[in-house]
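The next block is model-v3.txt, given as compact mmCIF, C-alpha atoms.
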# COMPACT_ATOMS: atom_id res chain seq x y z
CA MET A 1 50.35 115.18 -11.28
CA ALA A 2 51.76 114.99 -7.76
CA ASN A 3 54.41 112.41 -6.91
CA ALA A 4 54.08 112.91 -3.15
CA TYR A 5 51.47 114.13 -0.68
CA LEU A 6 51.72 115.85 2.67
CA GLU A 7 48.59 115.25 4.75
CA ILE A 8 48.01 117.36 7.84
CA THR A 9 45.09 116.27 10.03
CA LEU A 10 43.68 118.88 12.38
CA LYS A 11 41.29 118.60 15.29
CA ILE A 12 39.17 121.76 15.17
CA ASP A 13 35.82 122.45 16.83
CA ASP A 14 32.86 122.90 14.49
CA ALA A 15 32.50 126.53 15.61
CA ASP A 16 36.07 127.29 14.48
CA ARG A 17 36.04 125.50 11.12
CA ALA A 18 35.07 128.58 9.10
CA SER A 19 37.96 130.53 10.63
CA ALA A 20 40.36 127.65 9.95
CA ALA A 21 39.10 127.50 6.36
CA GLY A 22 39.93 131.19 6.11
CA VAL A 23 43.53 130.40 7.02
CA TYR A 24 43.58 127.71 4.30
CA ASN A 25 42.24 130.19 1.73
CA GLN A 26 44.67 132.92 2.81
CA TYR A 27 47.75 130.75 2.33
CA LYS A 28 46.74 128.53 -0.62
CA ALA A 29 48.03 130.88 -3.34
CA PRO A 30 51.31 131.71 -1.56
CA PHE A 31 51.87 127.97 -1.09
CA LEU A 32 51.28 127.18 -4.76
CA ASP A 33 53.23 130.23 -5.97
CA THR A 34 56.31 130.08 -3.75
CA VAL A 35 56.93 126.60 -2.34
CA LYS A 36 59.37 124.43 -4.28
CA GLY A 37 57.63 121.48 -5.91
CA ALA A 38 54.11 122.50 -4.82
CA LYS A 39 51.43 121.07 -7.14
CA SER A 40 48.12 121.26 -5.28
CA LYS A 41 46.44 122.02 -1.98
CA GLU A 42 43.00 120.73 -0.94
CA LEU A 43 40.92 121.19 2.20
CA LEU A 44 39.03 118.05 3.27
CA VAL A 45 36.34 118.35 5.93
CA SER A 46 34.43 115.57 7.69
CA GLU A 47 32.42 115.46 10.89
CA GLU A 48 35.43 114.14 12.83
CA LYS A 49 38.35 116.11 11.41
CA VAL A 50 39.79 118.59 8.97
CA GLN A 51 42.62 117.59 6.66
CA VAL A 52 44.82 119.61 4.34
CA LEU A 53 46.25 117.58 1.48
CA HIS A 54 49.28 119.12 -0.25
CA GLY A 55 50.59 117.70 -3.53
CA PHE A 56 54.32 117.90 -4.34
CA ASP A 57 56.81 116.88 -7.00
CA SER A 58 58.72 114.77 -4.47
CA VAL A 59 58.81 113.51 -0.89
CA GLU A 60 61.83 115.76 -0.31
CA ASP A 61 59.83 118.82 -1.39
CA ALA A 62 57.06 117.83 1.06
CA LYS A 63 59.57 117.42 3.90
CA ASP A 64 61.27 120.70 3.04
CA TYR A 65 57.96 122.61 3.18
CA LEU A 66 57.63 121.72 6.86
CA SER A 67 60.72 123.83 7.62
CA THR A 68 59.72 126.91 5.59
CA ASP A 69 58.86 130.29 7.08
CA LEU A 70 55.50 130.14 5.30
CA PHE A 71 54.57 126.97 7.16
CA ASN A 72 56.07 127.71 10.57
CA ASN A 73 55.70 131.48 10.90
CA ASP A 74 52.47 132.02 8.97
CA VAL A 75 50.25 128.93 8.66
CA VAL A 76 51.02 127.34 12.04
CA VAL A 77 50.74 130.65 13.88
CA ALA A 78 47.41 131.48 12.19
CA LEU A 79 45.92 128.03 12.94
CA LYS A 80 47.16 127.73 16.52
CA PRO A 81 44.12 129.39 18.19
CA TYR A 82 41.78 126.82 16.56
CA LEU A 83 43.70 123.60 17.23
CA LYS A 84 42.36 121.26 19.92
CA ALA A 85 45.30 118.82 19.62
CA ASP A 86 48.66 118.63 17.90
CA PRO A 87 48.30 118.12 14.14
CA VAL A 88 49.04 114.69 12.71
CA ILE A 89 51.46 114.94 9.78
CA ASP A 90 51.96 112.18 7.22
CA ILE A 91 53.92 112.15 3.97
CA TYR A 92 53.11 109.69 1.20
CA SER A 93 54.86 108.85 -2.07
CA VAL A 94 52.85 107.95 -5.16
CA VAL A 95 53.81 104.58 -6.58
Just give me the structure of the file as C-alpha cells.
Amino acid sequence: MANAYLEITLKIDDADRASAAGVYNQYKAPFLDTVKGAKSKELLVSEEKVQVLHGFDSVEDAKDYLSTDLFNNDVVVALKPYLKADPVIDIYSVV
C-alpha cells in the first residue's frame, strides 16, 4: 500500500490523448522497476483532464522522482508535444 501519492494533472487535447497514453504505457514498467519507493502508477482520464497518479513509499520518494532522469529526460520530453498548459503537480501523504 502506498504511503504517498504524486498526482500530475495534464491538459491534453482529445485528439492527442491516445498518444499521451502511449507515453504512460511506455514508461510505466521502468517507473515501477527502477524508481526508489515506487508502488503504483495509474492513468485517470476524464472529459476535462488527464491525471497520472503515482504511489510511493514516502513523500520524499515522490519528491525525489521529480528530479530523476526518467522523469525529466524521458517522460517530460515525450509528453511535451501534447501538453496545452504546464502540468499541475501535487504530492499527498496518506494519513
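Across the model, the gap from CA of Asp33 in chain A to CA of Ser46 in chain A is 27.5 Å.
With only C-alpha atoms taken into account, every residue lying no more than 9 Å from the file point (52.7, 120.6, 5.9) is included here: A:Leu6, A:Glu7, A:Ile8, A:Val52, A:Leu53, A:His54, A:Ala62, A:Lys63, A:Tyr65, A:Leu66, A:Ser67, A:Phe71, A:Ile89, A:Asp90, A:Ile91.
Every protein or nucleic acid residue with an atom no more than 10 Å from Ser19 in chain A, counting all atoms listed in the file and leaving out same-chain residues fewer than 4 positions away, appears here: A:Ile12, A:Asp14, A:Ala15, A:Val23, A:Tyr24, A:Asn25, A:Ala78, A:Leu79, A:Pro81, A:Tyr82.
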For C-alpha atoms, I'd like the residues from the last selection saved as a PDB file, in the coordinates of the input.
ATOM      1  CA  ILE A  12      39.170 121.760  15.170  1.00  0.00           C
ATOM      2  CA  ASP A  14      32.860 122.900  14.490  1.00  0.00           C
ATOM      3  CA  ALA A  15      32.500 126.530  15.610  1.00  0.00           C
ATOM      4  CA  VAL A  23      43.530 130.400   7.020  1.00  0.00           C
ATOM      5  CA  TYR A  24      43.580 127.710   4.300  1.00  0.00           C
ATOM      6  CA  ASN A  25      42.240 130.190   1.730  1.00  0.00           C
ATOM      7  CA  ALA A  78      47.410 131.480  12.190  1.00  0.00           C
ATOM      8  CA  LEU A  79      45.920 128.030  12.940  1.00  0.00           C
ATOM      9  CA  PRO A  81      44.120 129.390  18.190  1.00  0.00           C
ATOM     10  CA  TYR A  82      41.780 126.820  16.560  1.00  0.00           C
TER      11      TYR A  82
END
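Distance annotation: of A:Val75, A:Ala38, A:Val50, A:Val94, the residue with the minimal separation from Lys11 in chain A is A:Val50; atom set is only C-alpha atoms.
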Looking at A:Val77, A:Lys84, A:Ser58, A:Ser93, which one is nearest to Asp16 in chain A, with distances taken over only C-alpha atoms?
A:Lys84
One residue among A:Ala29, A:Ala4, A:Ala20, A:Leu83 is nearest to Glu60 in chain A when using all atoms listed in the file, and that residue is A:Ala4
Starting from the point (49.2, 118.2, -4.5), work out which residues of protein, DNA or RNA have an atom no more than 6 Å away when counting all atoms listed in the file; state them as a PyMOL selection string.
chain A and resi 2+39-41+54-56
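Closest approach to Pro30 in chain A among A:Val95, A:Val59, A:Leu70, A:Val88 is made by A:Leu70 (distances from all atoms listed in the file).
For the set A:Leu32, A:Leu10, A:Val76, A:Met1, the residue with the smallest atom-to-atom gap to Leu44 in chain A is A:Leu10, counting only C-alpha atoms.
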Let me have the centre and edge lengths of the axis-aligned box enclosing all listed atoms of range 76-95 of chain A with 4 Å padding on every side, in Å to one decimal, as JSON.
{"center_x": 48.3, "center_y": 118.0, "center_z": 6.7, "size_x": 21.1, "size_y": 34.9, "size_z": 34.5}
